[in-house]
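Novice: Pasting data11.txt here (compact mmCIF, C-alpha atoms):
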# COMPACT_ATOMS: atom_id res chain seq x y z
CA MET G 1 53.73 115.86 191.89
CA SER G 2 52.92 119.23 190.36
CA THR G 3 50.27 119.50 187.69
CA ALA G 4 49.92 122.00 184.89
CA LEU G 5 47.78 124.95 185.76
CA VAL G 6 44.93 125.01 183.30
CA SER G 7 42.71 128.01 182.79
CA ARG G 8 40.26 128.67 180.02
CA HIS G 9 40.41 132.15 178.61
CA PHE G 10 38.32 132.89 175.54
CA GLY G 11 38.17 129.15 174.79
CA VAL G 12 41.97 128.73 174.74
CA VAL G 13 43.53 126.20 177.12
CA MET G 14 46.65 127.56 178.79
CA GLY G 15 49.04 125.18 180.53
CA LYS G 16 52.74 124.72 181.16
CA LEU G 17 55.37 126.02 178.76
CA ILE G 18 57.99 123.40 177.83
CA GLY G 19 61.07 124.91 176.19
CA TYR G 20 63.40 123.20 173.74
CA ALA G 21 66.74 124.42 172.38
CA ARG G 22 69.28 122.73 170.16
CA VAL G 23 72.78 123.39 168.82
CA SER G 24 74.31 121.21 166.10
CA THR G 25 77.86 121.10 167.49
CA ARG G 26 79.25 121.04 171.01
CA ARG G 27 81.25 124.18 170.25
CA GLN G 28 78.06 126.17 169.76
CA ASP G 29 76.35 127.86 172.69
CA ALA G 30 72.64 127.52 173.37
CA ALA G 31 72.65 130.41 175.87
CA ARG G 32 70.86 132.84 173.53
CA GLN G 33 68.10 130.34 172.83
CA VAL G 34 67.73 129.61 176.53
CA GLU G 35 67.52 133.32 177.36
CA ASP G 36 64.81 133.85 174.74
CA LEU G 37 62.83 130.88 176.02
CA VAL G 38 63.05 132.09 179.63
CA ALA G 39 62.02 135.59 178.54
CA ALA G 40 58.98 134.00 176.86
CA GLY G 41 57.88 132.55 180.18
CA VAL G 42 59.49 129.11 180.21
CA ARG G 43 60.74 128.02 183.65
CA ARG G 44 64.34 126.81 183.69
CA ASP G 45 63.15 123.53 185.20
CA ASP G 46 61.08 123.02 182.06
CA LEU G 47 63.93 123.59 179.61
CA TYR G 48 65.44 120.80 177.51
CA VAL G 49 68.63 121.39 175.50
CA ASP G 50 70.31 119.09 172.98
CA HIS G 51 74.04 119.77 172.45
CA GLY G 52 75.92 118.54 169.39
CA VAL G 53 72.82 117.07 167.80
CA SER G 54 71.85 117.69 164.18
CA GLY G 55 68.21 118.43 163.41
CA ALA G 56 68.28 115.69 160.78
CA ARG G 57 68.91 112.99 163.37
CA ALA G 58 65.91 110.83 164.20
CA SER G 59 67.00 110.51 167.83
CA ARG G 60 67.36 113.68 169.87
CA PRO G 61 67.34 112.68 173.56
CA LYS G 62 66.32 116.02 175.10
CA PHE G 63 63.76 116.71 172.38
CA ASP G 64 62.16 113.33 173.02
CA LYS G 65 62.03 114.11 176.75
CA ALA G 66 60.51 117.53 176.10
CA VAL G 67 57.75 116.00 173.98
CA ALA G 68 57.16 113.26 176.57
CA ALA G 69 56.75 115.94 179.27
CA LEU G 70 53.89 117.63 177.40
CA GLN G 71 50.41 117.21 178.83
CA GLY G 72 47.04 118.47 177.68
CA GLY G 73 47.05 122.27 177.57
CA ASP G 74 50.87 122.49 177.54
CA THR G 75 52.88 124.22 174.82
CA LEU G 76 56.23 123.27 173.36
CA VAL G 77 58.21 126.50 172.84
CA ILE G 78 61.11 126.84 170.40
CA THR G 79 62.95 129.94 169.20
CA THR G 80 62.92 129.23 165.46
CA LEU G 81 61.34 126.67 163.17
CA ASP G 82 64.67 125.09 162.21
CA ARG G 83 65.09 123.87 165.80
CA LEU G 84 62.68 121.11 164.78
CA GLY G 85 65.00 120.37 161.85
CA ARG G 86 62.37 118.55 159.84
CA SER G 87 60.70 118.64 156.44
CA THR G 88 57.42 120.51 156.02
CA GLN G 89 55.50 117.24 155.97
CA ASN G 90 57.09 116.06 159.22
CA MET G 91 56.67 119.44 160.92
CA LEU G 92 52.99 119.59 160.05
CA ALA G 93 52.50 115.99 161.17
CA PHE G 94 54.30 116.82 164.42
CA ALA G 95 52.08 119.87 165.01
CA GLU G 96 49.00 117.73 164.32
CA MET G 97 50.24 115.08 166.76
CA LEU G 98 50.58 117.76 169.46
CA ARG G 99 47.10 119.05 168.64
CA GLU G 100 45.63 115.57 169.05
CA ARG G 101 47.27 115.37 172.47
CA GLY G 102 45.76 118.72 173.41
CA ALA G 103 49.16 120.42 173.33
CA GLY G 104 50.44 123.23 171.14
CA LEU G 105 53.58 124.51 169.46
CA ARG G 106 54.87 128.05 169.86
CA VAL G 107 57.64 129.49 167.67
CA LEU G 108 59.06 132.74 169.02
CA ASN G 109 60.44 133.95 165.70
CA LEU G 110 58.44 132.77 162.71
CA GLY G 111 57.79 135.18 159.86
CA GLY G 112 58.92 138.04 162.07
CA GLY G 113 56.46 137.25 164.85
CA ASP G 114 55.48 134.94 167.69
CA VAL G 115 53.28 132.08 166.41
CA ASP G 116 51.24 129.78 168.65
CA THR G 117 49.36 126.85 167.11
CA HIS G 118 46.87 126.91 169.98
CA THR G 119 45.10 129.68 168.06
CA PRO G 120 43.45 129.26 164.63
CA MET G 121 45.45 132.16 163.19
CA GLY G 122 48.68 130.81 164.64
CA SER G 123 47.97 127.36 163.23
CA MET G 124 47.38 128.81 159.77
CA VAL G 125 50.53 130.94 159.88
CA PHE G 126 52.58 127.96 161.04
CA THR G 127 51.35 125.86 158.11
CA VAL G 128 52.19 128.58 155.59
CA MET G 129 55.58 129.44 157.07
CA ALA G 130 56.60 125.77 157.36
CA ALA G 131 55.86 125.32 153.66
CA LEU G 132 57.80 128.50 152.78
CA ALA G 133 60.78 127.39 154.88
CA GLN G 134 60.86 124.06 153.05
CA MET G 135 60.56 125.79 149.68
CA GLU G 136 63.45 128.12 150.55
CA LEU G 137 65.60 125.13 151.50
CA GLU G 138 64.79 123.37 148.23
CA ILE G 139 65.64 126.52 146.24
CA LYS G 140 69.02 126.78 148.01
CA ARG G 141 69.77 123.14 147.24
CA GLU G 142 68.78 123.62 143.60
CA ARG G 143 71.00 126.70 143.29
CA THR G 144 73.94 124.88 144.85
CA THR G 145 73.51 121.91 142.51
CA ASP G 146 73.21 124.22 139.51
CA SER G 147 76.32 126.18 140.57
CA VAL G 148 78.39 123.02 140.96
CA ALA G 149 77.23 121.75 137.56
CA LYS G 150 78.17 125.04 135.86
CA ARG G 151 81.59 125.17 137.54
CA ARG G 152 82.27 121.56 136.62
CA ALA G 153 81.24 122.24 133.00
CA ALA G 154 83.62 125.23 132.94
CA GLY G 155 86.45 123.08 134.29
CA GLN G 156 86.74 125.11 137.50
CA ASP G 157 88.08 123.81 140.77
CA LEU G 158 85.23 122.70 143.03
CA GLY G 159 87.34 122.72 146.17
CA GLY G 160 87.97 119.78 148.42
CA ARG G 161 90.92 117.47 148.05
CA PRO G 162 92.55 117.92 144.63
CA ARG G 163 92.89 114.84 142.47
CA THR G 164 96.44 113.77 141.69
CA PHE G 165 97.49 112.43 138.32
CA THR G 166 100.63 110.51 137.41
CA ASP G 167 102.92 111.60 134.61
CA SER G 168 101.70 108.57 132.67
CA GLN G 169 98.11 109.79 132.89
CA ILE G 170 99.12 113.28 131.78
CA ARG G 171 101.04 111.80 128.83
CA SER G 172 97.93 109.84 127.85
CA ALA G 173 95.92 113.06 128.02
CA ALA G 174 98.51 114.82 125.86
CA HIS G 175 98.28 111.98 123.34
CA LEU G 176 94.49 112.46 123.15
CA VAL G 177 94.94 116.18 122.53
CA ASN G 178 97.56 115.55 119.87
CA SER G 179 95.20 113.05 118.25
CA GLY G 180 92.63 115.78 117.75
CA ARG G 181 90.40 115.56 120.80
CA PRO G 182 89.50 119.03 122.13
CA ALA G 183 91.75 119.97 125.05
CA ALA G 184 88.79 121.44 126.94
CA GLN G 185 87.00 118.08 126.81
CA VAL G 186 90.08 116.15 127.94
CA ALA G 187 90.63 118.60 130.81
CA ARG G 188 86.99 118.37 131.84
CA ASP G 189 87.15 114.58 131.89
CA LEU G 190 90.14 114.86 134.23
CA GLY G 191 88.37 117.39 136.45
CA MET G 192 90.79 120.23 135.77
CA SER G 193 90.88 123.43 133.74
CA ARG G 194 92.37 123.52 130.25
CA ALA G 195 95.12 125.85 131.50
CA THR G 196 96.05 123.36 134.22
CA LEU G 197 96.16 120.54 131.69
CA TYR G 198 98.51 122.50 129.40
CA ARG G 199 100.71 123.37 132.40
CA ARG G 200 100.93 119.73 133.47
CA ILE G 201 101.82 118.69 129.89
CA ARG G 202 104.46 121.42 129.69
CA ASP G 203 106.01 120.34 133.00
CA LEU G 204 106.30 116.67 132.01
CA PRO G 205 109.86 115.37 132.28
CA ALA G 206 111.49 114.51 128.99
CA SER G 207 111.07 110.85 128.04
CA ALA G 208 114.20 108.76 128.35
Would you kindly transcribe this structure into structure tokens?
Specialist:
Amino acid sequence: MSTALVSRHFGVVMGKLIGYARVSTRRQDAARQVEDLVAAGVRRDDLYVDHGVSGARASRPKFDKAVAALQGGDTLVITTLDRLGRSTQNMLAFAEMLRERGAGLRVLNLGGGDVDTHTPMGSMVFTVMAALAQMELEIKRERTTDSVAKRRAAGQDLGGRPRTFTDSQIRSAAHLVNSGRPAAQVARDLGMSRATLYRRIRDLPASA
């Protein structure tokens, strides 16, 4: 059984490089990630690739095997931080777990550079960039939520499967409008624009 080659250079323990790549769908190709990992010094025998696995999933078979293969002095190498697919808290806890095992984490493209948590500077950069990545994700989610709320308030179509309404429902809506309720409010309650509501009322068949 082969063992990791361990040498001590300037107080840094250097061991085997374990590479991990992931694509979220089976239609995606991990070739580019694999090429970057090999170029970074990872042997193909030490590569683990998950296909069709979301980063949010708790179980990622190849990832679990990659982590299990790590020994003291080894480094888990990924191309980008999102390959871990975890929150800042979980990523930092994961990096700390590796540190306690004597292993490290190397991200080939983090903040425009190659970051290795084996080094004090790399560890600090990883902590900062992980927090920034999480903050960016939260900002995107907030913007999306705000955009949906504004479009819904304006009575705009939010996409997806359109709701269907019976003539009876449209007649009830028309009755509300005729009774004095603002058409914009009635349309918003139905999830349609005011123009669409007026068009549906206009197209109603004449009552028998």
Novice: List the neighbours of Leu176 in chain G out to 12 Å using only C-alpha atoms; skip same-chain residues closer than 3 positions along the sequence, and give me the result as a list in words.
Specialist: Gln169, Ile170, Arg171, Ser172, Ala173, Ser179, Gly180, Arg181, Pro182, Ala183, Ala184, Gln185, Val186, Ala187, Asp189, Leu197 and Ile201 of chain G
Novice: If you keep C-alpha atoms, can you produce a file of those selected residues as an mmCIF file, keeping the file's coordinate frame?
Specialist:
data_model
loop_
_atom_site.group_PDB
_atom_site.id
_atom_site.type_symbol
_atom_site.label_atom_id
_atom_site.label_comp_id
_atom_site.auth_asym_id
_atom_site.auth_seq_id
_atom_site.Cartn_x
_atom_site.Cartn_y
_atom_site.Cartn_z
ATOM 1 C CA GLN G 169 98.110 109.790 132.890
ATOM 2 C CA ILE G 170 99.120 113.280 131.780
ATOM 3 C CA ARG G 171 101.040 111.800 128.830
ATOM 4 C CA SER G 172 97.930 109.840 127.850
ATOM 5 C CA ALA G 173 95.920 113.060 128.020
ATOM 6 C CA SER G 179 95.200 113.050 118.250
ATOM 7 C CA GLY G 180 92.630 115.780 117.750
ATOM 8 C CA ARG G 181 90.400 115.560 120.800
ATOM 9 C CA PRO G 182 89.500 119.030 122.130
ATOM 10 C CA ALA G 183 91.750 119.970 125.050
ATOM 11 C CA ALA G 184 88.790 121.440 126.940
ATOM 12 C CA GLN G 185 87.000 118.080 126.810
ATOM 13 C CA VAL G 186 90.080 116.150 127.940
ATOM 14 C CA ALA G 187 90.630 118.600 130.810
ATOM 15 C CA ASP G 189 87.150 114.580 131.890
ATOM 16 C CA LEU G 197 96.160 120.540 131.690
ATOM 17 C CA ILE G 201 101.820 118.690 129.890
#
Novice: CA of Ala31 in chain G and CA of Gly72 in chain G, how far apart in Å?
Specialist: 28.3 Å
Novice: Quote the spacing between CA of Ala39 in chain G and CA of Val107 in chain G in Å to one decimal place.
Specialist: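 Between CA of Ala39 in chain G and CA of Val107 in chain G the gap is 13.2 Å.
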Novice: Have a look at G:Ala93, G:Leu110, G:Leu17, G:Ala30 and name the one nearest to Leu70 in chain G; count all atoms listed in the file.
Specialist: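 Using all atoms listed in the file, Leu70 in chain G sits closest to G:Leu17.
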Novice: Rounded to one decimal place, report the CA of Leu108 in chain G-CA of Thr25 in chain G distance in Å.
Specialist: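 Going from CA of Leu108 in chain G over to CA of Thr25 in chain G, I get 22.2 Å.
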Novice: Smallest atom-to-atom distance to Leu37 in chain G: which of G:Arg202, G:His175, G:Arg106, G:Arg60, using only C-alpha atoms?
Specialist: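 Once distances to Leu37 in chain G are computed over only C-alpha atoms, the minimum belongs to G:Arg106.
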